[in-house]
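Participant: Dropping in target_4.cif, which is mmCIF, C-alpha atoms:
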```cif
data_model
#
loop_
_atom_site.label_atom_id
_atom_site.label_comp_id
_atom_site.auth_asym_id
_atom_site.auth_seq_id
_atom_site.Cartn_x
_atom_site.Cartn_y
_atom_site.Cartn_z
CA MET A 205 0.00 0.00 0.00
CA GLU A 206 2.94 2.34 0.64
CA ASN A 207 3.79 1.74 -3.00
CA GLN A 208 0.55 3.30 -4.22
CA LEU A 209 1.45 6.78 -2.97
CA ASP A 210 5.22 6.53 -3.17
CA ALA A 211 6.64 8.88 -5.80
CA LEU A 212 10.26 7.85 -5.31
CA HIS A 213 10.12 4.23 -6.47
CA PRO A 214 8.61 4.48 -9.99
CA SER A 215 11.68 5.78 -11.77
CA VAL A 216 13.86 3.19 -10.01
CA THR A 217 11.57 0.18 -9.83
CA HIS A 218 9.96 0.73 -13.22
CA GLN A 219 12.99 2.16 -15.00
CA SER A 220 13.29 -0.81 -17.36
CA THR A 221 9.72 -0.50 -18.68
CA GLY A 222 9.66 3.30 -18.63
CA VAL A 223 12.87 3.59 -20.64
CA SER A 224 11.84 0.91 -23.11
CA ALA A 225 8.40 2.46 -23.64
CA ARG A 226 9.87 5.94 -24.05
CA ARG A 227 12.20 4.69 -26.78
CA VAL A 228 9.26 3.34 -28.82
CA GLU A 229 7.06 6.36 -27.98
CA GLN A 230 9.69 8.82 -29.19
CA ARG A 231 10.29 6.86 -32.37
CA LEU A 232 6.55 6.85 -33.13
CA LYS A 233 6.32 10.59 -32.43
CA SER A 234 9.20 11.36 -34.76
CA GLN A 235 7.88 9.03 -37.48
CA LYS A 236 4.14 9.70 -37.26
CA GLY A 237 3.82 12.86 -35.17
CA SER A 238 2.05 11.11 -32.30
CA ALA A 239 2.01 7.93 -30.23
CA PRO A 240 -0.94 6.20 -28.54
CA LEU A 241 -1.62 7.56 -25.04
CA PHE A 242 -0.86 4.22 -23.44
CA PHE A 243 2.85 4.53 -24.23
CA HIS A 244 2.74 7.61 -22.05
CA TYR A 245 1.23 5.54 -19.19
CA LEU A 246 4.40 3.47 -19.26
CA SER A 247 7.02 6.08 -20.11
CA THR A 248 6.06 8.56 -17.33
CA PHE A 249 7.13 5.95 -14.79
CA ALA A 250 10.72 6.75 -15.71
CA SER A 251 10.45 10.49 -15.00
CA SER A 252 13.31 12.20 -13.15
CA PHE A 253 13.44 12.56 -9.35
CA ASP A 254 12.97 16.32 -9.76
CA GLN A 255 9.75 15.71 -11.65
CA TRP A 256 8.55 13.27 -8.99
CA ASP A 257 9.41 15.80 -6.29
CA SER A 258 6.95 18.21 -7.90
CA VAL A 259 4.05 15.77 -7.37
CA GLN A 260 2.40 16.14 -3.97
CA THR A 261 1.11 13.57 -1.50
CA VAL A 262 -1.65 14.44 0.96
CA ASN A 263 -1.67 12.30 4.09
CA PHE A 264 -4.76 12.12 6.27
CA PRO A 265 -5.09 10.58 9.75
CA ASN A 266 -5.46 6.78 9.95
CA GLY A 267 -3.14 6.17 7.01
CA HIS A 268 -5.44 7.37 4.26
CA GLY A 269 -3.89 9.48 1.54
CA ILE A 270 -3.76 10.86 -1.97
CA LEU A 271 -1.05 10.94 -4.61
CA LYS A 272 -1.96 13.92 -6.76
CA ALA A 273 -2.18 13.75 -10.54
CA TYR A 274 0.89 13.67 -12.76
CA MET A 275 0.01 11.81 -15.95
CA GLY A 276 -1.81 14.70 -17.61
CA LEU A 277 -4.95 12.62 -18.00
CA ARG A 278 -7.17 15.46 -19.09
CA PRO A 279 -6.16 15.84 -22.72
CA THR A 280 -8.20 17.84 -25.25
CA ASP A 281 -8.72 15.13 -27.87
CA PRO A 282 -12.26 14.78 -29.33
CA ASP A 283 -13.07 11.73 -27.12
CA THR A 284 -12.22 13.57 -23.91
CA VAL A 285 -14.09 16.67 -25.04
CA GLU A 286 -17.15 14.53 -25.83
CA TYR A 287 -16.93 12.88 -22.43
CA GLU A 288 -16.61 16.23 -20.67
CA ASN A 289 -19.68 17.51 -22.55
CA ILE A 290 -21.71 14.44 -21.50
CA LEU A 291 -20.62 15.02 -17.91
CA LYS A 292 -21.66 18.69 -18.10
CA GLY A 293 -25.03 17.65 -19.55
CA ALA A 294 -25.58 15.20 -16.72
CA TYR A 295 -24.37 17.24 -13.73
CA GLY A 296 -24.16 20.87 -14.91
CA SER A 297 -20.97 22.76 -15.74
CA GLU A 298 -20.00 23.58 -12.18
CA LYS A 299 -20.25 20.03 -10.80
CA ALA A 300 -18.62 18.56 -13.91
CA GLU A 301 -15.69 20.95 -13.54
CA GLU A 302 -15.40 20.02 -9.87
CA TYR A 303 -15.22 16.31 -10.75
CA LEU A 304 -12.81 16.78 -13.64
CA SER A 305 -10.43 19.16 -11.90
CA ARG A 306 -9.77 16.90 -8.90
CA SER A 307 -6.05 16.32 -8.98
CA ILE A 308 -5.80 12.63 -8.22
CA HIS A 309 -3.57 9.76 -9.30
CA HIS A 310 -4.36 7.33 -6.47
CA VAL A 311 -6.59 7.64 -3.42
CA LEU A 312 -5.62 5.25 -0.67
CA ILE A 313 -8.21 3.98 1.77
CA TYR A 314 -5.90 2.48 4.36
CA PRO A 315 -5.06 -0.34 4.77
CA TYR A 316 -6.33 -2.26 1.79
CA LEU A 317 -8.00 -0.25 -0.97
CA SER A 318 -6.56 2.01 -3.65
CA VAL A 319 -8.81 3.94 -6.03
CA GLN A 320 -7.45 5.36 -9.26
CA SER A 321 -10.41 7.44 -10.34
CA PRO A 322 -9.01 9.11 -13.50
CA LEU A 323 -8.41 5.69 -15.07
CA GLN A 324 -11.24 3.81 -13.36
CA GLN A 325 -8.96 1.29 -11.63
CA LEU A 326 -9.47 -0.21 -8.19
CA ARG A 327 -6.88 -2.24 -6.31
CA CYS A 328 -7.82 -4.36 -3.34
CA LEU A 329 -5.12 -6.08 -1.29
CA ARG A 330 -6.49 -9.05 0.63
CA PRO A 331 -4.26 -10.42 3.38
CA ILE A 332 -4.24 -14.23 3.51
CA ALA A 333 -1.28 -14.86 5.86
CA PRO A 334 1.75 -12.88 7.09
CA ASN A 335 3.64 -13.91 3.94
CA LYS A 336 0.72 -14.14 1.51
CA THR A 337 -1.47 -11.42 0.01
CA VAL A 338 -3.89 -11.50 -2.90
CA SER A 339 -3.74 -8.42 -5.10
CA GLU A 340 -7.06 -7.94 -6.86
CA ILE A 341 -7.41 -5.29 -9.55
CA TRP A 342 -10.64 -4.11 -11.09
CA HIS A 343 -11.35 -1.67 -13.86
CA PHE A 344 -14.69 -0.08 -14.66
CA ARG A 345 -16.74 1.10 -17.59
CA LEU A 346 -18.33 4.49 -16.91
CA LYS A 347 -22.05 4.37 -17.60
CA GLY A 348 -22.97 6.58 -20.55
CA ALA A 349 -19.36 7.59 -21.30
CA PRO A 350 -17.94 7.18 -24.84
CA GLU A 351 -16.33 3.84 -25.71
CA ALA A 352 -12.96 5.60 -26.04
CA ILE A 353 -13.00 6.43 -22.32
CA TYR A 354 -13.48 2.73 -21.51
CA GLN A 355 -10.63 1.91 -23.91
CA ARG A 356 -8.36 4.18 -21.88
CA ALA A 357 -9.24 2.27 -18.68
CA LEU A 358 -8.90 -1.07 -20.46
CA TRP A 359 -5.44 -0.32 -21.83
CA TYR A 360 -4.20 0.95 -18.51
CA TYR A 361 -5.43 -2.32 -17.02
CA ASN A 362 -3.90 -4.42 -19.84
CA LEU A 363 -0.48 -2.78 -19.56
CA VAL A 364 -0.11 -1.82 -15.92
CA ASN A 365 -2.37 -4.12 -13.96
CA SER A 366 -2.90 -7.39 -15.86
CA PRO A 367 -1.40 -10.71 -14.64
CA ALA A 368 1.32 -10.22 -17.28
CA THR A 369 1.96 -6.58 -16.29
CA MET A 370 5.23 -4.96 -17.29
CA ILE A 371 4.97 -2.63 -14.28
CA ASN A 372 3.83 -4.52 -11.21
CA ALA A 373 6.26 -7.39 -11.93
CA ASP A 374 9.16 -5.35 -10.53
CA ASP A 375 7.17 -4.13 -7.51
CA LEU A 376 6.36 -7.75 -6.68
CA GLU A 377 9.99 -8.80 -7.00
CA ASN A 378 11.09 -6.00 -4.68
CA TRP A 379 8.37 -6.82 -2.14
CA THR A 380 9.39 -10.47 -2.24
CA LYS A 381 12.99 -9.48 -1.55
CA GLY A 382 11.84 -7.18 1.24
CA GLN A 383 9.91 -10.05 2.79
CA LEU A 384 12.90 -12.39 2.47
CA GLY A 385 15.11 -9.71 4.03
CA LEU A 386 12.83 -9.19 7.00
CA GLN A 387 12.64 -12.96 7.57
CA SER A 388 16.44 -13.15 7.73
CA LYS A 389 18.71 -12.09 10.58
CA GLY A 390 19.57 -8.80 8.93
CA GLY A 391 18.61 -5.37 10.22
CA GLU A 392 15.32 -5.32 12.08
CA TRP A 393 14.55 -1.73 11.18
CA VAL A 394 13.47 -0.15 7.94
CA SER A 395 14.09 3.59 7.85
CA PHE A 396 11.43 5.95 6.55
CA HIS A 397 13.22 9.17 7.46
CA ARG A 398 13.28 10.84 4.03
CA ASN A 399 12.18 14.48 4.44
CA TYR A 400 11.14 13.90 8.05
CA GLY A 401 10.08 17.19 9.62
CA GLN A 402 9.94 18.88 6.22
CA ASP A 403 6.30 18.27 5.43
CA THR A 404 3.55 20.84 6.00
CA GLU A 405 0.90 20.06 8.58
CA LYS A 406 -2.52 21.67 8.44
CA ASN A 407 -5.39 20.50 10.68
CA GLY A 408 -3.92 17.06 11.20
CA VAL A 409 -3.28 16.54 7.46
CA LEU A 410 0.31 16.23 6.25
CA TYR A 411 1.16 17.70 2.83
CA SER A 412 4.50 16.73 1.35
CA ASN A 413 6.72 19.57 0.20
CA ASN A 414 8.71 17.08 -1.84
CA GLY A 415 6.76 14.41 -3.70
CA THR A 416 9.32 11.80 -2.70
CA SER A 417 8.98 12.47 1.05
CA GLU A 418 8.44 9.28 3.04
CA VAL A 419 5.62 10.98 4.92
CA VAL A 420 3.41 8.42 3.13
CA MET A 421 5.05 5.51 4.95
CA ARG A 422 5.31 7.37 8.25
CA SER A 423 1.61 8.17 8.14
CA GLN A 424 0.63 4.59 7.23
CA PHE A 425 2.86 2.89 9.81
CA LYS A 426 1.63 5.30 12.48
CA ALA A 427 -1.90 4.12 11.69
CA TRP A 428 -0.74 0.50 11.66
CA ALA A 429 0.94 0.89 15.06
CA ASN A 430 -2.30 2.40 16.40
CA TYR A 431 -4.24 -0.62 15.15
CA LEU A 432 -1.75 -3.06 16.69
CA THR A 433 -1.22 -1.38 20.07
CA PRO A 434 -4.53 -2.43 21.69
CA ALA A 435 -3.92 -6.03 20.59
CA PHE A 436 -0.44 -6.04 22.18
CA LYS A 437 -1.77 -4.48 25.37
CA ALA A 438 -4.53 -7.08 25.59
CA ALA A 439 -1.98 -9.85 25.15
CA MET B 54 -33.94 -58.39 24.71
CA ASN B 55 -35.68 -61.38 23.15
CA GLU B 56 -36.48 -61.96 19.53
CA THR B 57 -40.16 -61.00 19.83
CA VAL B 58 -39.36 -57.60 21.34
CA VAL B 59 -36.86 -56.90 18.56
CA LYS B 60 -39.37 -57.87 15.83
CA GLN B 61 -42.01 -55.64 17.40
CA ALA B 62 -39.59 -52.74 17.65
CA LEU B 63 -38.51 -52.99 14.02
CA GLY B 64 -42.02 -53.51 12.64
CA THR B 65 -42.37 -54.14 8.95
CA GLY B 66 -39.88 -52.60 6.51
CA VAL B 67 -40.64 -51.03 3.15
CA VAL B 68 -39.24 -52.04 -0.23
CA ILE B 69 -37.94 -49.13 -2.31
CA GLU B 70 -38.53 -49.88 -5.98
CA ALA B 71 -35.44 -49.55 -8.16
CA VAL B 72 -36.99 -46.78 -10.27
CA GLN B 73 -37.33 -44.56 -7.20
CA SER B 74 -33.86 -45.16 -5.91
CA MET B 75 -32.20 -42.11 -7.46
CA THR B 76 -30.43 -39.75 -5.09
CA GLY B 77 -32.69 -37.89 -2.72
CA ALA B 78 -32.00 -34.60 -4.46
CA GLU B 79 -32.96 -35.97 -7.88
CA SER B 80 -36.20 -37.44 -6.55
CA ILE B 81 -37.32 -33.99 -5.30
CA ALA B 82 -36.75 -32.03 -8.52
CA PRO B 83 -34.19 -32.62 -11.24
CA ASP B 84 -32.88 -29.06 -11.27
CA HIS B 85 -33.84 -27.72 -7.87
CA MET B 86 -30.32 -26.32 -7.45
CA GLY B 87 -30.83 -24.02 -10.41
CA ARG B 88 -27.83 -25.52 -12.15
CA GLY B 89 -28.55 -26.66 -15.66
CA ARG B 90 -26.53 -29.35 -17.37
CA LEU B 91 -23.23 -27.87 -18.47
CA PRO B 92 -22.89 -27.68 -22.25
CA ALA B 93 -19.66 -28.77 -23.89
CA SER B 94 -17.25 -25.87 -23.56
CA GLY B 95 -13.93 -24.87 -25.06
CA TYR B 96 -12.80 -24.88 -28.62
CA ILE B 97 -12.92 -28.08 -30.65
CA PRO B 98 -10.63 -27.95 -33.68
CA LYS B 99 -11.77 -28.87 -37.16
CA PHE B 100 -9.75 -31.90 -38.20
CA GLN B 101 -8.69 -31.91 -41.85
CA LYS B 102 -6.55 -34.04 -44.07
CA ILE B 103 -3.46 -31.96 -44.70
CA ASP B 104 -0.55 -32.73 -47.00
CA TRP B 105 2.60 -33.83 -45.22
CA ASN B 106 4.82 -30.96 -46.37
CA THR B 107 2.47 -28.27 -45.04
CA ARG B 108 2.12 -30.18 -41.82
CA GLN B 109 5.86 -30.39 -41.40
CA GLU B 110 6.33 -26.68 -42.11
CA VAL B 111 3.73 -25.73 -39.51
CA GLU B 112 5.11 -28.13 -36.90
CA GLN B 113 8.58 -26.71 -37.34
CA LEU B 114 7.30 -23.17 -36.86
CA LEU B 115 5.57 -24.14 -33.60
CA TYR B 116 8.56 -26.08 -32.29
CA CYS B 117 10.86 -23.25 -33.27
CA GLN B 118 8.70 -20.75 -31.39
CA ALA B 119 8.82 -22.91 -28.25
CA ALA B 120 12.61 -23.16 -28.52
CA LEU B 121 12.97 -19.38 -28.93
CA LEU B 122 10.87 -18.78 -25.81
CA ASP B 123 12.89 -21.28 -23.76
CA SER B 124 16.12 -19.67 -25.00
CA LYS B 125 14.86 -16.14 -24.23
CA ALA B 126 15.60 -15.23 -27.87
CA TRP B 127 13.03 -12.45 -27.74
CA GLU B 128 14.02 -10.66 -30.92
CA ASN B 129 13.74 -13.84 -32.98
CA PHE B 130 10.44 -14.59 -31.27
CA ILE B 131 9.04 -11.20 -32.32
CA ASP B 132 10.35 -11.78 -35.86
CA LEU B 133 8.00 -14.76 -36.17
CA PHE B 134 5.09 -12.32 -36.30
CA SER B 135 3.83 -10.53 -39.41
CA HIS B 136 4.15 -6.71 -39.55
CA ASP B 137 0.63 -6.41 -38.07
CA GLY B 138 0.96 -9.50 -35.85
CA ILE B 139 -0.79 -9.78 -32.46
CA TYR B 140 0.02 -11.90 -29.44
CA TRP B 141 -3.13 -12.34 -27.39
CA MET B 142 -3.81 -14.20 -24.17
CA PRO B 143 -7.44 -13.60 -23.24
CA SER B 144 -8.47 -13.77 -19.60
CA ASN B 145 -11.38 -16.01 -20.55
CA SER B 146 -11.75 -18.49 -23.41
CA SER B 147 -15.15 -17.04 -24.41
CA GLN B 148 -13.55 -13.72 -25.43
CA THR B 149 -13.47 -12.83 -29.11
CA ASP B 150 -11.90 -9.36 -29.44
CA TRP B 151 -8.30 -8.79 -28.39
CA SER B 152 -8.58 -5.01 -28.38
CA ARG B 153 -11.85 -4.49 -26.52
CA GLU B 154 -11.82 -6.92 -23.60
CA PRO B 155 -9.51 -7.32 -20.59
CA SER B 156 -6.62 -9.61 -21.44
CA ILE B 157 -3.62 -11.14 -19.76
CA PHE B 158 -1.55 -10.20 -22.83
CA ALA B 159 -2.72 -8.04 -25.75
CA GLU B 160 0.32 -6.92 -27.69
CA ASP B 161 1.13 -5.74 -31.18
CA LYS B 162 4.74 -5.67 -32.33
CA LEU B 163 5.37 -2.25 -30.80
CA LEU B 164 4.27 -3.43 -27.38
CA MET B 165 6.26 -6.63 -27.84
CA GLU B 166 9.26 -4.39 -28.48
CA VAL B 167 8.56 -2.55 -25.20
CA ARG B 168 8.39 -5.86 -23.34
CA MET B 169 11.60 -7.10 -24.93
CA GLY B 170 13.40 -3.84 -24.10
CA ARG B 171 12.19 -4.16 -20.55
CA VAL B 172 13.26 -7.74 -19.84
CA GLN B 173 16.66 -7.05 -21.38
CA HIS B 174 17.27 -3.90 -19.32
CA PRO B 175 19.95 -4.43 -16.63
CA ASN B 176 17.68 -2.82 -14.02
CA ALA B 177 14.65 -5.03 -14.65
CA TRP B 178 14.53 -6.22 -11.03
CA SER B 179 12.16 -9.08 -11.72
CA GLN B 180 14.80 -10.53 -14.02
CA ALA B 181 17.40 -10.76 -11.25
CA ALA B 182 15.94 -13.98 -9.94
CA LEU B 183 16.88 -17.03 -11.97
CA TRP B 184 14.02 -18.22 -14.13
CA GLU B 185 13.77 -20.75 -16.92
CA THR B 186 10.95 -22.29 -18.88
CA ASN B 187 10.40 -25.49 -20.77
CA HIS B 188 7.67 -25.59 -23.42
CA VAL B 189 6.26 -28.69 -25.08
CA VAL B 190 3.86 -28.25 -28.01
CA GLY B 191 1.68 -31.06 -29.31
CA ASN B 192 -1.78 -32.20 -30.47
CA ILE B 193 -1.18 -30.12 -33.59
CA CYS B 194 -4.25 -29.86 -35.76
CA ILE B 195 -4.21 -27.80 -38.94
CA GLU B 196 -7.71 -26.51 -39.41
CA SER B 197 -7.51 -24.78 -42.76
CA VAL B 198 -5.00 -24.02 -45.48
CA THR B 199 -5.12 -21.60 -48.41
CA ASP B 200 -2.24 -20.34 -50.57
CA ASP B 201 -1.42 -17.60 -48.09
CA THR B 202 -3.21 -18.46 -44.82
CA ILE B 203 -3.12 -21.32 -42.34
CA GLU B 204 -5.14 -21.83 -39.17
CA VAL B 205 -3.55 -24.18 -36.68
CA PHE B 206 -4.63 -25.44 -33.28
CA SER B 207 -2.21 -26.95 -30.77
CA LYS B 208 -1.74 -27.67 -27.08
CA PHE B 209 1.18 -26.60 -24.90
CA GLN B 210 2.61 -27.43 -21.53
CA MET B 211 5.03 -25.03 -19.89
CA MET B 212 7.05 -25.65 -16.78
CA GLU B 213 8.60 -22.57 -15.24
CA LEU B 214 11.31 -22.47 -12.60
CA ARG B 215 11.63 -19.23 -10.66
CA ARG B 216 14.07 -19.19 -7.76
CA ASP B 217 13.25 -22.54 -6.11
CA HIS B 218 9.64 -22.70 -7.20
CA VAL B 219 8.14 -24.61 -10.10
CA ARG B 220 4.95 -23.41 -11.77
CA HIS B 221 2.96 -25.24 -14.38
CA PHE B 222 1.04 -23.52 -17.16
CA ALA B 223 -0.84 -25.25 -19.93
CA GLY B 224 -3.36 -24.39 -22.57
CA THR B 225 -4.30 -24.05 -26.20
CA TYR B 226 -2.53 -22.14 -28.95
CA ARG B 227 -4.41 -21.01 -32.03
CA HIS B 228 -2.08 -19.56 -34.62
CA SER B 229 -3.36 -17.66 -37.66
CA LEU B 230 -0.51 -17.70 -40.16
CA VAL B 231 -0.05 -15.54 -43.26
CA LYS B 232 2.54 -15.63 -45.99
CA GLU B 233 4.74 -12.53 -45.93
CA ALA B 234 7.61 -12.39 -48.47
CA ASN B 235 7.08 -16.10 -49.01
CA ILE B 236 7.60 -16.95 -45.33
CA TRP B 237 4.86 -18.10 -42.93
CA LYS B 238 4.39 -15.44 -40.25
CA ILE B 239 2.05 -15.23 -37.26
CA LYS B 240 -0.77 -12.75 -37.79
CA LEU B 241 -2.52 -13.73 -34.56
CA GLN B 242 -1.42 -16.06 -31.81
CA ARG B 243 -4.25 -16.74 -29.42
CA VAL B 244 -3.19 -18.36 -26.15
CA ASP B 245 -5.98 -19.76 -24.00
CA LEU B 246 -4.35 -20.57 -20.69
CA THR B 247 -6.06 -23.36 -18.76
CA ASN B 248 -5.00 -21.58 -15.55
CA ALA B 249 -6.14 -18.17 -16.83
CA GLN B 250 -8.64 -17.74 -14.02
CA GLY B 251 -6.39 -19.05 -11.25
CA ALA B 252 -4.56 -16.83 -8.77
CA PHE B 253 -0.92 -16.52 -9.82
CA ASP B 254 1.88 -16.72 -7.24
CA TYR B 255 3.78 -14.26 -9.40
CA VAL B 256 2.90 -12.43 -12.58
CA ILE B 257 3.87 -13.83 -15.99
CA GLN B 258 6.83 -11.88 -17.32
CA ALA B 259 7.34 -13.12 -20.83
CA TRP B 260 5.21 -14.60 -23.59
CA VAL B 261 4.05 -18.13 -22.95
#
```
Now that the file is in, can you turn its structure into structure tokens?

Facilitator:
Amino acid sequence: MENQLDALHPSVTHQSTGVSARRVEQRLKSQKGSAPLFFHYLSTFASSFDQWDSVQTVNFPNGHGILKAYMGLRPTDPDTVEYENILKGAYGSEKAEEYLSRSIHHVLIYPYLSVQSPLQQLRCLRPIAPNKTVSEIWHFRLKGAPEAIYQRALWYYNLVNSPATMINADDLENWTKGQLGLQSKGGEWVSFHRNYGQDTEKNGVLYSNNGTSEVVMRSQFKAWANYLTPAFKAA
Amino acid sequence: MNETVVKQALGTGVVIEAVQSMTGAESIAPDHMGRGRLPASGYIPKFQKIDWNTRQEVEQLLYCQAALLDSKAWENFIDLFSHDGIYWMPSNSSQTDWSREPSIFAEDKLLMEVRMGRVQHPNAWSQAALWETNHVVGNICIESVTDDTIEVFSKFQMMELRRDHVRHFAGTYRHSLVKEANIWKIKLQRVDLTNAQGAFDYVIQAWV
């Protein structure tokens, strides 16, 4: 779940896919003037640390949080314009604008649910045992929206979230290694000190000043410790 | 307890006629569970008489593809496809459209190139762990042949070793071949994985 809001890992963990996708995307752009949007889904993963630092995380009490938008998923192609007009027709201009202008990449409902509203994806992590978790990923068709908007969700699912994903494969490998490491007699502590004390707090909500701040992990593990404490005390 | 008491206690039994002796559930209502009889499912190939030379050519292509996968010769694997070739692994065998339904794999040659570039990158972390595969292709059935197209059905078994764990994948291949510059190329490879709906211990990283 830390992964969902963590802006530091993509360009490291997903470097191989990001770089490879960017190579093909740039070739298509130079040959044909444009490349399908889904190459961009993959290539943005390999953005620079400076770019990731410009993305903000918002961290609420109890581990919930938001990684704000960075993929530029409100283009002005005819399909998007049509969709926006349908939305305005259904909810009025003001409400439609409110929905469309929400800057969201992932919303995390701690500790198990991650909602990616701009691309209609939902991730549910179901714990089975201390060393076993089922990762379930859903994607949705918006009722009444143009087919092209569903295609966008479908291709994000196919490329990023399918059981043959080119993205999640490296997350899973790193988590497996993390698990193996914690089971060994190595260090018992994992440090989440990055940008500690450098986030902005407003009414109990922590806003990162750097997108790559580990405030995300600090906030989630604080919530986790709060959940565990009563159980330890009872024992 | 004497014999008379036992006889009185047991009384007279009944004889269940053979015709009524179905299971209790069946005797109440044949389909009270709301489950109809399952129809035959899955794809049944159309068996044809095919000349030996064509058969041999097709077999060699399939065996070659399996060898390229096991050798991680990704570039040569991609070269087996026609310029507009598609590798498709649907998530469900009832699916019919590779581009409009959720798939496990749905890749044209450009996306295959992205995948190849990724697995070959030195920082593809998932590639750090040792992994090998072993494919066996069989039950080859050529369904139709024209001068420049062939439809072929086959079965595959794939054993994968990753770290110390062995996984087993199996399923059906359906290759649509076309002749491009006088060479048979894959226009569409449909891979129906028997374990498509199972939970995977780890994602699939390369074409199966």

Participant: Could you check which residues have any atom within 10 Å of (-0.9, -7.7, -12.6), counting only C-alpha atoms with coordinates taken straight from the file, and then list them as a PyMOL selection string?

Facilitator: (chain A and resi 339-341+361-373+376) or (chain B and resi 157+253+255-258)

Participant: Kindly determine which residues of chain B lie within 9 Å of chain A, considering all atoms listed in the file, and give the answer as JSON, numbers by chain.

Facilitator: {"B": [152, 153, 154, 155, 156, 157, 158, 159, 163, 164, 166, 167, 168, 169, 170, 171, 172, 173, 174, 175, 176, 177, 178, 179, 180, 181, 182, 252, 253, 254, 255, 256, 257, 258, 259, 260]}

Participant: Using all atoms listed in the file, which residues sit within 6 Å of Val409 in chain A once same-chain residues fewer than 2 positions away are excluded, as number ranges by chain?

Facilitator: A: 263-264, 405-407

Participant: So which residues get picked by the PyMOL selection byres ((chain B and resi 210) around 8) here, written as a ChimeraX atom specification?

Facilitator: /B:188-190,208-209,211-212,221-224

Participant: What residues come out when you apply the PyMOL selection byres ((chain B and resi 141-144) around 7) to this file, written as a list in words?

Facilitator: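 What the PyMOL selection byres ((chain B and resi 141-144) around 7) grabs from the file is Ile139, Tyr140, Asn145, Ser146, Gln148, Trp151, Pro155, Ser156, Ile157, Phe158, Ala159, Glu160, Gln242, Arg243, Val244, Asp245, Ala249 and Gln250 of chain B.
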
Participant: Could you tell me which of A:Phe249, A:Tyr360, A:Phe425, A:Trp342 comes closest to Pro315 in chain A if we count all atoms listed in the file?

Facilitator: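 Once distances to Pro315 in chain A are computed over all atoms listed in the file, the minimum belongs to A:Phe425.
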
Participant: Mind pulling up the distance from CA of Thr225 in chain B to CA of Lys102 in chain B?

Facilitator: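 We find that CA of Lys102 in chain B and CA of Thr225 in chain B lie 20.6 Å from each other.
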
Participant: For the atom pair CA of Ser252 in chain A and CA of Cys328 in chain A, what is the interatomic distance in Å to one decimal place?

Facilitator: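 Interatomic distance here is 28.6 Å.
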
Participant: Please check which residues have atoms at most 8 Å from (0.7, -20.0, -48.4) in the file's coordinates, counting all atoms listed in the file, and write them as a list in words.

Facilitator: Val198, Thr199, Asp200, Asp201, Thr202, Ile203, Val231, Lys232, Asn235 and Trp237 of chain B

Participant: Using Å and a single decimal, report how far CA of Lys99 in chain B sits from CA of Glu196 in chain B.

Facilitator: 5.2 Å
